[in-house]
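Heads up, entry.txt below (compact mmCIF, C-alpha atoms):
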```txt
# COMPACT_ATOMS: atom_id res chain seq x y z
CA SER A 1 19.85 -25.10 9.27
CA ALA A 2 16.79 -26.31 11.20
CA ILE A 3 14.73 -23.43 9.78
CA ALA A 4 16.11 -22.71 6.31
CA CYS A 5 15.74 -25.42 3.67
CA ARG A 6 15.40 -25.71 -0.09
CA ALA A 7 11.60 -25.74 0.11
CA HIS A 8 11.51 -22.87 2.60
CA PRO A 9 14.53 -20.56 2.19
CA LEU A 10 15.06 -17.92 4.85
CA ILE A 11 15.79 -14.21 4.46
CA LEU A 12 17.15 -12.43 7.54
CA PHE A 13 17.34 -8.62 7.58
CA LEU A 14 19.08 -6.50 10.22
CA ASP A 15 19.01 -2.71 10.14
CA ASP A 16 21.46 -0.15 11.57
CA LEU A 17 24.47 -2.48 11.69
CA GLN A 18 26.68 0.52 12.44
CA TRP A 19 25.36 0.28 16.02
CA ALA A 20 25.58 -3.51 16.41
CA ASP A 21 27.75 -5.05 19.13
CA GLU A 22 30.51 -7.65 18.83
CA ILE A 23 28.19 -10.54 19.75
CA THR A 24 25.85 -9.64 16.89
CA PHE A 25 28.77 -9.52 14.46
CA ASP A 26 29.97 -12.91 15.71
CA VAL A 27 26.51 -14.44 15.16
CA ILE A 28 26.36 -13.01 11.64
CA HIS A 29 29.84 -14.38 10.91
CA MET A 30 28.85 -17.80 12.20
CA MET A 31 25.66 -17.93 10.12
CA MET A 32 27.38 -16.81 6.94
CA THR A 33 30.38 -19.13 7.18
CA ASP A 34 28.88 -22.30 8.67
CA PRO A 35 28.76 -24.90 5.85
CA GLU A 36 25.81 -26.59 7.57
CA ILE A 37 23.65 -23.48 7.06
CA ARG A 38 22.28 -23.27 3.52
CA HIS A 39 19.35 -21.58 1.76
CA LEU A 40 19.85 -18.43 3.86
CA LEU A 41 20.05 -14.91 2.49
CA PHE A 42 21.32 -12.33 4.96
CA LEU A 43 20.61 -8.65 4.32
CA GLY A 44 22.09 -5.91 6.44
CA SER A 45 21.92 -2.15 6.21
CA TYR A 46 24.13 0.53 7.72
CA ARG A 47 25.00 4.18 7.29
CA ASP A 48 28.24 4.24 5.35
CA ASN A 49 29.15 7.66 6.75
CA GLU A 50 29.36 6.03 10.21
CA VAL A 51 31.43 3.01 9.16
CA ASN A 52 35.13 3.41 8.28
CA ASN A 53 37.88 0.85 7.72
CA SER A 54 38.54 0.55 11.47
CA HIS A 55 34.88 -0.11 12.33
CA PRO A 56 34.16 -3.65 13.65
CA LEU A 57 31.62 -4.15 10.85
CA SER A 58 34.29 -3.56 8.19
CA ALA A 59 36.59 -6.09 9.85
CA LYS A 60 33.82 -8.68 10.08
CA LEU A 61 32.80 -8.25 6.43
CA MET A 62 36.42 -8.69 5.41
CA ALA A 63 36.69 -11.86 7.50
CA ILE A 64 33.54 -13.27 5.86
CA GLN A 65 34.88 -12.52 2.37
CA GLU A 66 38.22 -14.14 3.20
CA GLN A 67 36.34 -17.39 3.80
CA GLY A 68 35.00 -17.33 0.26
CA ILE A 69 31.56 -15.90 0.98
CA ASP A 70 30.27 -13.40 -1.56
CA VAL A 71 29.40 -10.04 -0.03
CA VAL A 72 27.46 -7.73 -2.34
CA THR A 73 27.35 -4.03 -1.47
CA ILE A 74 24.45 -1.93 -2.74
CA ASN A 75 24.61 1.80 -2.19
CA VAL A 76 21.10 3.14 -1.58
CA GLY A 77 20.80 6.81 -2.42
CA PRO A 78 17.86 9.22 -2.71
CA ILE A 79 14.80 7.94 -4.56
CA GLU A 80 13.67 9.52 -7.82
CA LYS A 81 10.71 11.85 -8.17
CA LYS A 82 8.60 9.19 -9.86
CA CYS A 83 9.27 6.83 -6.94
CA VAL A 84 8.04 9.45 -4.47
CA ASN A 85 4.91 9.81 -6.59
CA THR A 86 4.38 6.03 -6.62
CA LEU A 87 4.87 5.90 -2.85
CA LEU A 88 2.28 8.65 -2.30
CA SER A 89 -0.14 7.11 -4.79
CA GLU A 90 -0.07 3.76 -2.99
CA ALA A 91 -0.05 5.20 0.53
CA LEU A 92 -2.91 7.61 -0.10
CA CYS A 93 -4.84 5.28 -2.44
CA MET A 94 -5.00 7.99 -5.11
CA PRO A 95 -4.24 7.98 -8.84
CA PRO A 96 -0.63 9.04 -9.61
CA SER A 97 -1.91 12.06 -11.55
CA LEU A 98 -3.62 13.47 -8.44
CA CYS A 99 -0.51 12.90 -6.31
CA ARG A 100 1.97 14.45 -8.74
CA PRO A 101 1.66 18.10 -7.54
CA LEU A 102 2.24 16.93 -3.96
CA SER A 103 5.03 14.49 -4.82
CA ASP A 104 6.88 17.18 -6.80
CA VAL A 105 6.94 19.46 -3.76
CA VAL A 106 7.82 16.62 -1.36
CA HIS A 107 10.70 15.48 -3.56
CA SER A 108 11.95 19.03 -3.98
CA LYS A 109 11.99 19.66 -0.22
CA THR A 110 13.42 16.27 0.87
CA GLY A 111 15.83 15.60 -1.99
CA GLY A 112 14.32 12.13 -2.25
CA ILE A 113 15.91 10.97 1.03
CA ILE A 114 13.39 8.41 2.19
CA LEU A 115 13.73 9.21 5.91
CA PHE A 116 12.95 12.87 5.19
CA VAL A 117 10.10 11.93 2.84
CA LEU A 118 8.36 9.82 5.48
CA ARG A 119 8.95 12.29 8.32
CA PHE A 120 7.82 15.21 6.16
CA LEU A 121 4.59 13.44 5.23
CA ALA A 122 3.95 12.61 8.89
CA SER A 123 4.50 16.26 9.85
CA LEU A 124 2.10 17.40 7.12
CA ASN A 125 -0.58 15.15 8.58
CA ASP A 126 0.17 16.33 12.13
CA ASP A 127 -0.07 19.98 11.03
CA GLY A 128 -3.34 19.43 9.16
CA ASP A 129 -1.92 20.09 5.70
CA LEU A 130 -2.53 16.49 4.65
CA TRP A 131 -5.81 15.00 5.82
CA PHE A 132 -8.50 12.48 4.99
CA SER A 133 -11.78 14.09 3.97
CA MET A 134 -14.80 12.10 5.09
CA SER A 135 -17.06 14.03 2.71
CA SER A 136 -15.02 13.31 -0.42
CA ARG A 137 -13.70 10.01 0.95
CA ARG A 138 -10.14 10.65 -0.13
CA TRP A 139 -6.96 12.31 1.07
CA MET A 140 -6.66 16.05 0.55
CA TYR A 141 -3.69 18.41 0.86
CA ASN A 142 -3.03 22.13 1.05
CA LEU A 143 -0.36 22.60 -1.60
CA GLU A 144 0.27 26.29 -0.93
CA GLU A 145 0.87 25.72 2.78
CA ILE A 146 3.13 22.77 2.04
CA ARG A 147 5.23 24.89 -0.33
CA GLN A 148 5.91 27.30 2.54
CA LYS A 149 7.18 24.62 4.91
CA GLU A 150 10.86 24.18 5.69
CA ILE A 151 12.75 20.95 6.21
CA HIS A 152 16.19 20.59 7.75
CA GLY A 153 18.99 19.29 5.56
CA ASP A 154 20.48 16.70 7.91
CA VAL A 155 19.14 13.86 10.04
CA VAL A 156 20.21 15.30 13.40
CA SER A 157 18.58 18.70 12.82
CA HIS A 158 15.48 17.06 11.39
CA MET A 159 15.01 14.69 14.34
CA THR A 160 15.82 17.46 16.85
CA GLU A 161 13.10 19.62 15.33
CA HIS A 162 10.69 16.69 15.46
CA MET A 163 11.47 16.09 19.14
CA LYS A 164 10.49 19.68 19.94
CA SER A 165 6.90 18.76 19.11
CA LEU A 166 6.84 16.08 21.83
CA SER A 167 5.43 16.77 25.26
CA LYS A 168 7.72 18.04 28.04
CA LYS A 169 7.41 14.73 29.91
CA MET A 170 8.28 12.76 26.78
CA ARG A 171 11.37 14.88 26.09
CA MET A 172 12.52 14.51 29.69
CA GLY A 173 12.05 10.75 29.46
CA LEU A 174 14.17 10.63 26.32
CA LYS A 175 16.92 12.61 28.05
CA PHE A 176 17.01 10.16 30.96
CA ALA A 177 16.96 7.20 28.56
CA ALA A 178 19.93 8.68 26.65
CA CYS A 179 21.88 8.93 29.91
CA LEU A 180 21.12 5.31 30.80
CA GLY A 181 22.49 3.95 27.52
CA PRO A 182 21.11 1.49 24.95
CA ASN A 183 20.03 -1.14 27.52
CA PHE A 184 18.15 -0.43 30.73
CA ASP A 185 15.17 -1.59 32.75
CA ALA A 186 11.97 0.31 31.96
CA THR A 187 11.20 0.40 35.68
CA VAL A 188 14.05 2.91 36.07
CA LEU A 189 12.10 5.44 34.00
CA GLU A 190 8.96 4.60 35.94
CA ARG A 191 10.73 5.51 39.19
CA VAL A 192 12.10 8.71 37.70
CA LYS A 193 8.64 9.61 36.42
CA LYS A 194 7.34 9.68 40.00
CA ASP A 195 10.06 12.14 41.01
CA ASP A 196 8.98 15.77 41.31
CA GLU A 197 11.97 16.87 39.22
CA PHE A 198 10.57 14.90 36.29
CA GLU A 199 7.67 17.28 36.25
CA GLY A 200 9.93 20.34 36.33
```

Before anything else, please render the file you have as structure tokens.
Amino acid sequence: SAIACRAHPLILFLDDLQWADEITFDVIHMMMTDPEIRHLLFLGSYRDNEVNNSHPLSAKLMAIQEQGIDVVTINVGPIEKKCVNTLLSEALCMPPSLCRPLSDVVHSKTGGIILFVLRFLASLNDDGDLWFSMSSRRWMYNLEEIRQKEIHGDVVSHMTEHMKSLSKKMRMGLKFAACLGPNFDATVLERVKKDDEFEG
């Protein structure tokens, strides 16, 4: 209430609520149900395939609704082909007509799933199939090469494939971090990095 007011309303957005802890849910519940807090819009996103009726998030949303607070659910699906074209046009600073051949292929390969769209574009740039030409002063792309590329149909496979392109040290660091859990001191990895086995 000290931050949000009629003249300066506040929007708070939290991503990946499917991984949030109980303390985070309690804070959200407090903010949404406290009558002293006004002019606040809370937005949260989560993967609905990871949240069932027994998930803590479901229970907390139900508790908020039971106190008379409106909870609006918006299902975000794949984006349309024209949206992919608009995204490319704005990102590459090119007219939509010049982006359309590329956006058609990108949409076809990613199904319009925004995570795949962004990762696919990044991989095209990494592989040299999408580049900025200093001579023409605009982005260029190799459409035939892009048509030959494959993209995995699920997030896990897609991210696993992406991780293969990382250096050996980086992959080893990620493995150790996964074993340590979501919260750990960065100095732990620094100590491991000095170990000979880290190099192996």

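Of the listed residues (A:Leu118, A:Leu57, A:Met62, A:Leu143), A:Leu143 comes nearest to Leu102 (chain A); the distances count all atoms listed in the file.
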
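Between Met163 (chain A) and the residues A:Lys109, A:Arg47, A:His55, A:Arg119, the shortest atom-to-atom distance, using all atoms listed in the file, involves A:Arg119.
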
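Between CA of Glu90 (chain A) and CA of Trp139 (chain A) lies a distance of 11.7 Å.
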
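Among the candidates A:Gly128, A:Val27, A:Phe116, A:Lys81, the residue lying nearest to Ile64 (chain A) is A:Val27 (atoms considered: only C-alpha atoms).
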
Here's a test: counting all atoms listed in the file, identify every protein, DNA and RNA residue with an atom at most 9 Å from (-3.1, 22.4, 2.8) in the file's coordinate frame, and state them as a PDB file with C-alpha atoms, keeping the file's coordinate frame.
```pdb
ATOM      1  CA  LEU A 124       2.100  17.400   7.120  1.00  0.00           C
ATOM      2  CA  GLY A 128      -3.340  19.430   9.160  1.00  0.00           C
ATOM      3  CA  ASP A 129      -1.920  20.090   5.700  1.00  0.00           C
ATOM      4  CA  LEU A 130      -2.530  16.490   4.650  1.00  0.00           C
ATOM      5  CA  TRP A 131      -5.810  15.000   5.820  1.00  0.00           C
ATOM      6  CA  MET A 140      -6.660  16.050   0.550  1.00  0.00           C
ATOM      7  CA  TYR A 141      -3.690  18.410   0.860  1.00  0.00           C
ATOM      8  CA  ASN A 142      -3.030  22.130   1.050  1.00  0.00           C
ATOM      9  CA  LEU A 143      -0.360  22.600  -1.600  1.00  0.00           C
ATOM     10  CA  GLU A 144       0.270  26.290  -0.930  1.00  0.00           C
ATOM     11  CA  GLU A 145       0.870  25.720   2.780  1.00  0.00           C
ATOM     12  CA  ILE A 146       3.130  22.770   2.040  1.00  0.00           C
TER      13      ILE A 146
END
```

Size and centre in Å, one decimal, axis-aligned box, all listed region 70-78 of chain A atoms plus 5 Å per side, as JSON:
```
{"center_x": 24.1, "center_y": -2.1, "center_z": -1.4, "size_x": 22.4, "size_y": 32.6, "size_z": 12.7}
```

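Between Glu36 (chain A) and the candidates A:Cys5, A:Ala63, A:Val51, A:Leu10, the tightest atom-to-atom separation, counting all atoms listed in the file, involves A:Cys5.
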
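All residues of protein, DNA or RNA that reach within 7 Å of Leu43 (chain A), judged by all atoms listed in the file and not counting those fewer than 2 positions away in the chain, are Leu12, Phe13, Leu14, Leu41 and Ser45 of chain A.
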
Same residues, C-alpha atoms, saved as a PDB file, keeping the file's coordinate frame:
```pdb
ATOM      1  CA  LEU A  12      17.150 -12.430   7.540  1.00  0.00           C
ATOM      2  CA  PHE A  13      17.340  -8.620   7.580  1.00  0.00           C
ATOM      3  CA  LEU A  14      19.080  -6.500  10.220  1.00  0.00           C
ATOM      4  CA  LEU A  41      20.050 -14.910   2.490  1.00  0.00           C
ATOM      5  CA  SER A  45      21.920  -2.150   6.210  1.00  0.00           C
TER       6      SER A  45
END
```

Checklist entry - Using only C-alpha atoms, which residues sit within 12 Å of Val106 (chain A) once same-chain residues fewer than 5 positions away are excluded, as a PyMOL selection string? => result chain A and resi 79-85+87-88+99-101+111-124+130+141+143+146-151
